[in-house]
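Participant: Sharing query_35.cif (mmCIF, C-alpha atoms) below.
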```cif
data_structure
#
loop_
_atom_site.group_PDB
_atom_site.id
_atom_site.type_symbol
_atom_site.label_atom_id
_atom_site.label_comp_id
_atom_site.auth_asym_id
_atom_site.auth_seq_id
_atom_site.Cartn_x
_atom_site.Cartn_y
_atom_site.Cartn_z
ATOM 1 C CA MET N 731 105.431 49.321 64.451
ATOM 2 C CA THR N 732 101.801 50.380 64.722
ATOM 3 C CA ALA N 733 100.513 52.765 67.367
ATOM 4 C CA ARG N 734 98.374 49.955 68.803
ATOM 5 C CA LEU N 735 101.392 47.633 69.108
ATOM 6 C CA ARG N 736 103.423 50.371 70.803
ATOM 7 C CA ALA N 737 100.607 50.891 73.292
ATOM 8 C CA VAL N 738 100.455 47.159 74.070
ATOM 9 C CA LEU N 739 104.218 47.014 74.597
ATOM 10 C CA LYS N 740 103.969 49.953 76.991
ATOM 11 C CA LEU N 741 101.291 48.126 78.954
ATOM 12 C CA ILE N 742 103.496 45.036 79.193
ATOM 13 C CA ALA N 743 106.599 46.997 80.168
ATOM 14 C CA LEU N 744 104.981 49.232 82.767
ATOM 15 C CA PRO N 745 104.376 46.572 85.456
ATOM 16 C CA ALA N 746 107.935 45.315 85.029
ATOM 17 C CA ILE N 747 109.406 48.786 85.426
ATOM 18 C CA VAL N 748 107.262 49.527 88.467
ATOM 19 C CA GLY N 749 108.094 46.144 89.960
ATOM 20 C CA LEU N 750 111.828 46.690 89.622
ATOM 21 C CA ALA N 751 111.538 50.133 91.151
ATOM 22 C CA LEU N 752 109.526 48.828 94.092
ATOM 23 C CA ALA N 753 111.978 46.003 94.660
ATOM 24 C CA GLY N 754 114.742 48.520 95.275
ATOM 25 C CA THR N 755 112.690 50.895 97.406
ATOM 26 C CA ALA N 756 113.504 49.352 100.805
ATOM 27 C CA GLN N 757 117.231 49.141 100.107
ATOM 28 C CA LEU N 758 117.409 52.685 98.763
ATOM 29 C CA THR N 759 115.395 54.147 101.646
ATOM 30 C CA ALA N 760 117.559 52.372 104.198
ATOM 31 C CA ALA N 761 120.746 53.515 102.497
ATOM 32 C CA VAL N 762 119.618 57.131 102.533
ATOM 33 C CA SER N 763 118.329 57.114 106.123
ATOM 34 C CA ASN N 764 121.402 55.362 107.559
ATOM 35 C CA ASN N 765 123.930 57.573 105.819
ATOM 36 C CA GLU N 766 124.822 60.592 107.954
ATOM 37 C CA LYS N 767 126.720 62.179 105.077
ATOM 38 C CA PRO N 768 125.018 63.093 101.809
ATOM 39 C CA PRO N 769 125.225 60.149 99.390
ATOM 40 C CA PRO N 770 128.065 60.456 96.865
ATOM 41 C CA ASN N 771 126.859 61.786 93.555
ATOM 42 C CA LEU N 772 128.044 61.057 90.056
ATOM 43 C CA PRO N 773 126.574 63.856 87.915
ATOM 44 C CA ALA N 774 124.322 61.982 85.545
ATOM 45 C CA PRO N 775 122.027 63.278 82.824
ATOM 46 C CA THR N 776 118.354 62.430 83.268
ATOM 47 C CA MET N 777 115.205 62.749 81.185
ATOM 48 C CA GLY N 778 113.642 65.181 83.668
ATOM 49 C CA GLY N 779 111.475 62.610 85.416
ATOM 50 C CA GLN N 780 108.007 63.374 84.111
ATOM 51 C CA GLN N 781 106.456 60.043 85.146
ATOM 52 C CA PHE N 782 108.166 59.072 88.399
ATOM 53 C CA TRP N 783 109.394 62.413 89.761
ATOM 54 C CA THR N 784 107.587 65.489 91.063
ATOM 55 C CA ASP N 785 109.175 68.935 91.493
ATOM 56 C CA LEU N 786 108.935 70.298 95.040
ATOM 57 C CA GLN N 787 111.360 73.232 94.808
ATOM 58 C CA VAL N 788 112.603 75.321 91.882
ATOM 59 C CA PHE N 789 115.176 78.101 91.763
ATOM 60 C CA ALA N 790 116.601 79.708 88.613
ATOM 61 C CA GLY N 791 116.035 76.526 86.605
ATOM 62 C CA TRP N 792 117.368 74.200 89.343
ATOM 63 C CA ARG N 793 114.884 71.668 90.700
ATOM 64 C CA ILE N 794 114.550 69.392 93.712
ATOM 65 C CA GLN N 795 112.352 66.419 92.890
ATOM 66 C CA GLU N 796 110.775 63.579 94.866
ATOM 67 C CA ASN N 797 110.426 60.060 93.488
ATOM 68 C CA PHE N 798 106.846 58.924 94.040
ATOM 69 C CA LEU N 799 107.914 55.255 94.348
ATOM 70 C CA THR N 800 110.922 55.450 96.673
ATOM 71 C CA GLY N 801 110.320 58.756 98.439
ATOM 72 C CA HIS N 802 113.914 59.888 97.919
ATOM 73 C CA PHE N 803 114.957 63.200 96.385
ATOM 74 C CA ARG N 804 117.381 64.530 93.790
ATOM 75 C CA LEU N 805 118.706 67.929 92.727
ATOM 76 C CA LEU N 806 118.842 68.689 88.985
ATOM 77 C CA ASN N 807 120.568 71.588 87.303
ATOM 78 C CA PRO N 808 118.891 73.478 84.405
ATOM 79 C CA ARG N 809 120.234 70.855 81.961
ATOM 80 C CA ASP N 810 118.605 68.010 83.938
ATOM 81 C CA VAL N 811 121.937 66.710 85.229
ATOM 82 C CA ARG N 812 121.742 65.312 88.752
ATOM 83 C CA GLN N 813 123.891 67.270 91.217
ATOM 84 C CA ALA N 814 122.860 65.599 94.495
ATOM 85 C CA TRP N 815 120.447 62.980 95.832
ATOM 86 C CA GLY N 816 119.224 61.455 99.079
ATOM 87 C CA SER N 817 116.970 63.192 101.602
ATOM 88 C CA LEU N 818 115.210 66.509 101.078
ATOM 89 C CA ALA N 819 117.632 68.086 103.569
ATOM 90 C CA ASP N 820 120.606 66.727 101.583
ATOM 91 C CA CYS N 821 119.337 68.297 98.380
ATOM 92 C CA ARG N 822 118.490 71.613 99.997
ATOM 93 C CA LYS N 823 121.974 71.823 101.532
ATOM 94 C CA ALA N 824 123.532 71.061 98.158
ATOM 95 C CA LEU N 825 121.429 73.723 96.440
ATOM 96 C CA ALA N 826 122.299 76.322 99.095
ATOM 97 C CA ARG N 827 126.001 75.549 98.665
ATOM 98 C CA LEU N 828 125.808 75.734 94.859
ATOM 99 C CA LYS N 829 123.874 79.010 94.977
ATOM 100 C CA GLN N 830 126.710 80.542 96.990
ATOM 101 C CA GLU N 831 129.564 78.961 95.001
ATOM 102 C CA LYS N 832 128.128 79.642 91.535
ATOM 103 C CA GLY N 833 126.206 82.840 92.295
ATOM 104 C CA ILE N 834 122.967 81.287 91.058
ATOM 105 C CA ALA N 835 120.085 83.742 90.921
ATOM 106 C CA PRO N 836 116.788 84.016 89.015
ATOM 107 C CA SER N 837 117.017 85.961 85.759
ATOM 108 C CA SER N 838 113.766 87.786 86.561
ATOM 109 C CA ASP N 839 111.345 88.265 89.443
ATOM 110 C CA HIS N 840 108.519 87.267 87.042
ATOM 111 C CA LEU N 841 108.399 83.457 86.948
ATOM 112 C CA VAL N 842 106.463 81.554 84.281
ATOM 113 C CA LEU N 843 105.624 77.997 85.328
ATOM 114 C CA LEU N 844 105.045 75.649 82.384
ATOM 115 C CA VAL N 845 102.740 72.824 83.494
ATOM 116 C CA HIS N 846 102.525 69.805 81.198
ATOM 117 C CA GLY N 847 99.574 67.459 80.805
ATOM 118 C CA ILE N 848 99.140 63.754 81.353
ATOM 119 C CA ALA N 849 101.905 61.480 79.993
ATOM 120 C CA PRO N 850 103.649 64.305 78.091
ATOM 121 C CA ARG N 851 106.187 63.821 75.344
ATOM 122 C CA ILE N 852 109.776 64.561 76.360
ATOM 123 C CA GLY N 853 110.703 68.184 75.697
ATOM 124 C CA ALA N 854 107.117 69.293 75.124
ATOM 125 C CA PHE N 855 107.892 72.728 76.580
ATOM 126 C CA SER N 856 111.594 73.010 75.650
ATOM 127 C CA ALA N 857 111.163 75.535 72.829
ATOM 128 C CA MET N 858 108.548 77.506 74.783
ATOM 129 C CA GLN N 859 110.777 77.666 77.866
ATOM 130 C CA GLU N 860 113.797 78.860 75.892
ATOM 131 C CA SER N 861 111.768 81.524 74.086
ATOM 132 C CA LEU N 862 110.253 82.842 77.323
ATOM 133 C CA ARG N 863 113.679 83.059 78.937
ATOM 134 C CA LYS N 864 114.976 85.037 75.974
ATOM 135 C CA ALA N 865 111.970 87.344 76.397
ATOM 136 C CA GLY N 866 113.119 88.162 79.927
ATOM 137 C CA TYR N 867 111.081 85.777 82.068
ATOM 138 C CA ASP N 868 112.369 83.232 84.556
ATOM 139 C CA ALA N 869 110.666 80.194 82.979
ATOM 140 C CA VAL N 870 110.611 76.660 84.407
ATOM 141 C CA ALA N 871 108.950 73.588 82.920
ATOM 142 C CA ILE N 872 107.551 71.793 85.957
ATOM 143 C CA SER N 873 107.683 67.992 86.172
ATOM 144 C CA TYR N 874 105.192 65.854 88.049
ATOM 145 C CA ALA N 875 104.206 62.171 88.041
ATOM 146 C CA SER N 876 101.096 62.915 86.003
ATOM 147 C CA THR N 877 99.823 59.354 85.553
ATOM 148 C CA ARG N 878 100.424 58.142 89.098
ATOM 149 C CA ARG N 879 98.357 60.505 91.236
ATOM 150 C CA PRO N 880 95.054 62.400 91.006
ATOM 151 C CA ILE N 881 94.784 66.021 89.905
ATOM 152 C CA GLU N 882 94.433 67.292 93.484
ATOM 153 C CA ALA N 883 97.764 65.726 94.448
ATOM 154 C CA HIS N 884 99.443 67.369 91.474
ATOM 155 C CA ALA N 885 98.055 70.718 92.626
ATOM 156 C CA ASP N 886 99.494 69.971 96.093
ATOM 157 C CA GLY N 887 102.961 69.563 94.579
ATOM 158 C CA LEU N 888 102.650 72.778 92.599
ATOM 159 C CA GLU N 889 101.549 74.600 95.754
ATOM 160 C CA THR N 890 104.660 73.313 97.537
ATOM 161 C CA VAL N 891 106.787 74.740 94.723
ATOM 162 C CA LEU N 892 105.107 78.141 95.005
ATOM 163 C CA ASN N 893 105.405 78.240 98.799
ATOM 164 C CA GLY N 894 109.149 77.653 98.480
ATOM 165 C CA LEU N 895 109.906 80.266 95.813
ATOM 166 C CA GLU N 896 112.649 82.807 96.493
ATOM 167 C CA GLY N 897 113.059 86.104 94.663
ATOM 168 C CA THR N 898 109.756 85.810 92.765
ATOM 169 C CA LYS N 899 107.285 88.685 92.885
ATOM 170 C CA THR N 900 104.999 87.705 90.007
ATOM 171 C CA VAL N 901 103.986 84.329 88.587
ATOM 172 C CA SER N 902 102.240 83.369 85.356
ATOM 173 C CA PHE N 903 101.241 79.930 84.127
ATOM 174 C CA VAL N 904 101.369 78.271 80.721
ATOM 175 C CA THR N 905 99.620 74.910 80.723
ATOM 176 C CA HIS N 906 99.107 72.067 78.291
ATOM 177 C CA SER N 907 96.147 69.706 78.324
ATOM 178 C CA MET N 908 95.446 68.352 81.846
ATOM 179 C CA GLY N 909 97.946 70.874 83.246
ATOM 180 C CA GLY N 910 95.171 73.453 82.866
ATOM 181 C CA LEU N 911 92.950 71.496 85.272
ATOM 182 C CA VAL N 912 95.815 71.225 87.758
ATOM 183 C CA VAL N 913 96.300 75.009 87.704
ATOM 184 C CA ARG N 914 92.565 75.641 88.011
ATOM 185 C CA ASP N 915 92.564 73.524 91.173
ATOM 186 C CA LEU N 916 95.681 75.284 92.484
ATOM 187 C CA LEU N 917 94.491 78.859 91.897
ATOM 188 C CA ALA N 918 91.152 78.228 93.614
ATOM 189 C CA ARG N 919 93.014 77.648 96.909
ATOM 190 C CA ASP N 920 94.040 80.238 99.486
ATOM 191 C CA GLY N 921 97.721 79.367 99.407
ATOM 192 C CA ALA N 922 100.206 81.101 101.701
ATOM 193 C CA TRP N 923 102.319 82.001 98.655
ATOM 194 C CA LYS N 924 99.602 84.410 97.443
ATOM 195 C CA ASP N 925 100.464 86.788 100.290
ATOM 196 C CA ARG N 926 103.806 87.629 98.633
ATOM 197 C CA ILE N 927 103.490 86.618 94.964
ATOM 198 C CA ALA N 928 101.030 88.178 92.499
ATOM 199 C CA VAL N 929 99.340 86.048 89.836
ATOM 200 C CA HIS N 930 99.633 87.747 86.438
ATOM 201 C CA ARG N 931 98.101 85.721 83.594
ATOM 202 C CA VAL N 932 97.388 82.132 82.514
ATOM 203 C CA VAL N 933 97.690 80.645 79.021
ATOM 204 C CA MET N 934 95.904 77.313 78.626
ATOM 205 C CA ILE N 935 96.945 75.292 75.572
ATOM 206 C CA ALA N 936 94.592 72.502 74.430
ATOM 207 C CA PRO N 937 92.938 72.209 77.866
ATOM 208 C CA PRO N 938 90.067 69.727 78.401
ATOM 209 C CA ASN N 939 88.199 72.353 80.418
ATOM 210 C CA GLN N 940 84.896 70.606 79.800
ATOM 211 C CA GLY N 941 86.418 67.150 79.975
ATOM 212 C CA SER N 942 87.261 64.818 77.140
ATOM 213 C CA ALA N 943 84.854 62.690 75.129
ATOM 214 C CA VAL N 944 87.813 60.440 74.326
ATOM 215 C CA ALA N 945 88.455 59.879 78.051
ATOM 216 C CA ARG N 946 84.782 59.038 78.591
ATOM 217 C CA VAL N 947 84.975 56.298 75.950
ATOM 218 C CA LEU N 948 88.284 54.869 77.204
ATOM 219 C CA LYS N 949 88.007 55.261 80.983
ATOM 220 C CA ASP N 950 86.967 51.638 81.607
ATOM 221 C CA VAL N 951 89.460 50.131 79.173
ATOM 222 C CA GLY N 952 92.227 48.301 81.048
ATOM 223 C CA LEU N 953 95.009 49.680 78.877
ATOM 224 C CA TYR N 954 93.857 53.264 79.438
ATOM 225 C CA GLU N 955 93.490 52.744 83.189
ATOM 226 C CA ALA N 956 96.974 51.226 83.458
ATOM 227 C CA LEU N 957 98.710 53.899 81.422
ATOM 228 C CA TYR N 958 96.910 57.016 82.649
ATOM 229 C CA GLY N 959 96.137 56.127 86.266
ATOM 230 C CA PRO N 960 93.817 58.048 88.599
ATOM 231 C CA ALA N 961 94.209 61.381 86.796
ATOM 232 C CA GLY N 962 93.033 59.785 83.570
ATOM 233 C CA GLN N 963 89.748 58.898 85.243
ATOM 234 C CA GLN N 964 89.263 62.578 86.144
ATOM 235 C CA LEU N 965 89.324 63.747 82.524
ATOM 236 C CA VAL N 966 85.765 62.633 81.780
ATOM 237 C CA PRO N 967 83.285 65.522 81.306
ATOM 238 C CA GLU N 968 81.437 64.796 84.563
ATOM 239 C CA GLU N 969 84.631 65.165 86.615
ATOM 240 C CA ALA N 970 86.001 68.152 84.701
ATOM 241 C CA ALA N 971 82.743 70.027 85.283
ATOM 242 C CA ARG N 972 83.449 69.933 89.018
ATOM 243 C CA ARG N 973 86.746 71.799 88.619
ATOM 244 C CA PRO N 974 86.712 75.395 89.919
ATOM 245 C CA PRO N 975 86.624 78.295 87.462
ATOM 246 C CA LEU N 976 89.554 80.627 86.878
ATOM 247 C CA THR N 977 89.350 84.082 88.434
ATOM 248 C CA TYR N 978 92.592 85.427 86.942
ATOM 249 C CA PRO N 979 93.051 86.717 83.363
ATOM 250 C CA PHE N 980 93.419 83.723 81.047
ATOM 251 C CA GLY N 981 93.469 82.886 77.373
ATOM 252 C CA ILE N 982 92.968 79.595 75.546
ATOM 253 C CA ILE N 983 94.864 78.226 72.537
ATOM 254 C CA ALA N 984 93.156 75.256 70.898
ATOM 255 C CA GLY N 985 94.234 72.977 68.084
ATOM 256 C CA GLY N 986 91.964 72.110 65.169
ATOM 257 C CA LYS N 987 91.454 72.269 61.428
ATOM 258 C CA GLY N 988 88.876 75.031 61.536
ATOM 259 C CA ASP N 989 86.184 72.823 60.005
ATOM 260 C CA ALA N 990 83.420 70.510 61.195
ATOM 261 C CA GLU N 991 85.554 67.350 61.106
ATOM 262 C CA GLY N 992 88.902 68.049 62.777
ATOM 263 C CA PHE N 993 91.854 65.675 62.851
ATOM 264 C CA ASN N 994 90.114 62.739 64.561
ATOM 265 C CA PRO N 995 87.230 61.172 62.591
ATOM 266 C CA LEU N 996 86.099 59.271 65.698
ATOM 267 C CA VAL N 997 84.960 62.365 67.638
ATOM 268 C CA PRO N 998 82.333 64.959 66.668
ATOM 269 C CA GLY N 999 83.312 68.437 65.572
ATOM 270 C CA ASP N 1000 86.653 70.136 65.163
ATOM 271 C CA ASP N 1001 89.499 68.771 67.275
ATOM 272 C CA ASP N 1002 93.276 68.466 67.688
ATOM 273 C CA GLY N 1003 93.214 64.668 67.508
ATOM 274 C CA THR N 1004 92.567 64.336 71.244
ATOM 275 C CA VAL N 1005 90.517 67.255 72.573
ATOM 276 C CA ILE N 1006 87.482 68.723 70.794
ATOM 277 C CA VAL N 1007 87.743 72.496 70.285
ATOM 278 C CA GLU N 1008 84.521 73.160 72.187
ATOM 279 C CA GLU N 1009 85.879 71.123 75.122
ATOM 280 C CA THR N 1010 88.662 73.679 75.575
ATOM 281 C CA ARG N 1011 86.343 76.638 76.183
ATOM 282 C CA LEU N 1012 85.837 78.094 79.659
ATOM 283 C CA GLU N 1013 83.615 80.937 80.772
ATOM 284 C CA GLY N 1014 85.538 84.131 81.452
ATOM 285 C CA GLU N 1015 88.339 83.643 78.893
ATOM 286 C CA SER N 1016 90.033 86.901 77.873
ATOM 287 C CA ASP N 1017 91.005 85.659 74.418
ATOM 288 C CA PHE N 1018 90.783 82.534 72.273
ATOM 289 C CA LEU N 1019 92.998 81.322 69.428
ATOM 290 C CA LEU N 1020 92.577 78.334 67.124
ATOM 291 C CA LEU N 1021 95.701 76.941 65.460
ATOM 292 C CA PRO N 1022 96.014 74.119 62.871
ATOM 293 C CA GLN N 1023 98.018 71.940 65.248
ATOM 294 C CA LEU N 1024 97.832 68.481 66.820
ATOM 295 C CA HIS N 1025 97.415 68.000 70.564
ATOM 296 C CA ALA N 1026 100.824 66.450 71.242
ATOM 297 C CA THR N 1027 102.917 69.018 69.378
ATOM 298 C CA ILE N 1028 100.999 72.288 69.691
ATOM 299 C CA THR N 1029 103.209 73.607 72.530
ATOM 300 C CA SER N 1030 106.218 73.551 70.182
ATOM 301 C CA ALA N 1031 104.503 75.394 67.332
ATOM 302 C CA ASP N 1032 106.022 78.787 66.537
ATOM 303 C CA GLU N 1033 102.553 80.373 66.369
ATOM 304 C CA ALA N 1034 101.634 79.063 69.831
ATOM 305 C CA ILE N 1035 104.899 80.308 71.345
ATOM 306 C CA ALA N 1036 104.570 83.764 69.790
ATOM 307 C CA ALA N 1037 100.915 84.060 70.851
ATOM 308 C CA THR N 1038 101.750 82.963 74.395
ATOM 309 C CA LYS N 1039 104.391 85.660 74.741
ATOM 310 C CA ARG N 1040 101.998 88.299 73.415
ATOM 311 C CA PHE N 1041 99.274 87.257 75.867
ATOM 312 C CA LEU N 1042 101.628 87.314 78.848
ATOM 313 C CA ALA N 1043 102.771 90.796 77.842
ATOM 314 C CA SER N 1044 99.463 92.370 76.799
ATOM 315 C CA GLY N 1045 96.525 90.063 77.494
ATOM 316 C CA CYS N 1046 95.928 89.459 73.759
ATOM 317 C CA PHE N 1047 97.067 86.621 71.480
ATOM 318 C CA ALA N 1048 97.311 88.914 68.462
ATOM 319 C CA PRO N 1049 98.798 92.397 68.793
ATOM 320 C CA CYS N 1050 96.098 94.243 70.740
ATOM 321 C CA GLY N 1051 93.899 96.370 68.507
ATOM 322 C CA GLU N 1052 94.113 94.071 65.474
#
```
Do you think you could lay out the structure here as structure tokens?
Facilitator:
Amino acid sequence: MTARLRAVLKLIALPAIVGLALAGTAQLTAAVSNNEKPPPNLPAPTMGGQQFWTDLQVFAGWRIQENFLTGHFRLLNPRDVRQAWGSLADCRKALARLKQEKGIAPSSDHLVLLVHGIAPRIGAFSAMQESLRKAGYDAVAISYASTRRPIEAHADGLETVLNGLEGTKTVSFVTHSMGGLVVRDLLARDGAWKDRIAVHRVVMIAPPNQGSAVARVLKDVGLYEALYGPAGQQLVPEEAARRPPLTYPFGIIAGGKGDAEGFNPLVPGDDDGTVIVEETRLEGESDFLLLPQLHATITSADEAIAATKRFLASGCFAPCGE
């Protein structure tokens, strides 16, 4: 099956999926609101919910998410198995009970939030998250409905997560692609969470800091609009240029071949197949690293993971002094 055929099938399937979800919204909402007791839960594995669910609370790898279609909530454990669902109050009560029963606590007071980009592949940050946890951080790969809302709304959700953190004294961010723009928007705000949590460092992997020439070409194409939604329209260079700068220490990891052609023959200059290397640059960067990696898989590359850990620890991608 060709990539073009897969894209067409996605376009055909998306309205059907959304339609089915909307058809059940009224019944589900009524069932939740009329039930005085928390809805019964059959622990069920999920895929994390990166297109229809947004994290609103995280604690030691546990997450409370909201469904952007139905407005109901669910509680997932660190293995993405649902432990409760219903209203936000239902899920918070369940988490409080489980924290007491299981003695759940963060592994560190330094939390690293991993923020994916638009329409991410499943498990894009799995290896990175595991490696950071082994290095002593409390690392959580945030989920948000990246294709269904604009960048500002995604920053709102991330701000809600930060305002609700418990036991965290320091936070760092590792972003992929559009996730870098979300964090730029977030960190430019005067959030209440900043009064008690210090921002340490930010690693931006393959970020379209100057926008994407690919997005500019595709923004008016119906398939692109349907699949990538309002956030996809904000990835054009004109929109990205309006994003606020970063005022915290940050480094950039870009993908490319290190030549004048890159992986994608349809765009000028070196690139990772999606984002041109020069589009990743941002004034004020503390360090920059180019890796021979493609856009979709760069977050799983051993070199990117090792460099990210070094930057979080020392502010350098290579051992400082080399």
Participant: So that I can see what lies close to Val1005 of chain N, please list as a PyMOL selection string the residues with an atom at most 7 Å from it, counting only C-alpha atoms and leaving out residues fewer than 5 positions away in the same chain.
Facilitator: chain N and resi 936+938+942
Participant: Quick one: apply the PyMOL selection byres ((chain N and resi 894) around 9) to the file and drop the selected residues here as a count of residues only.
Facilitator: 11
Participant: Can you measure atom CA of Asp1017 of chain N to atom CA of Cys1046 of chain N for me? One decimal in Å is fine.
Facilitator: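 Taking atom CA of Asp1017 of chain N as the start and atom CA of Cys1046 of chain N as the end point, the length is 6.3 Å.
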Participant: Of the candidates N:Arg878, N:Val1007, N:Phe789, N:Gly981, which one gets nearest to Tyr958 of chain N if we count only C-alpha atoms?
Facilitator: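 Using only C-alpha atoms, the shortest distance to Tyr958 of chain N belongs to N:Arg878.
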Participant: List the residues matched by the PyMOL selection byres ((chain N and resi 813-824) around 9) in the displayed structure as a PyMOL selection string, ordered by chain and then by residue number.
Facilitator: chain N and resi 758-759+761-763+767-774+787+794-796+801-807+811-812+825-829
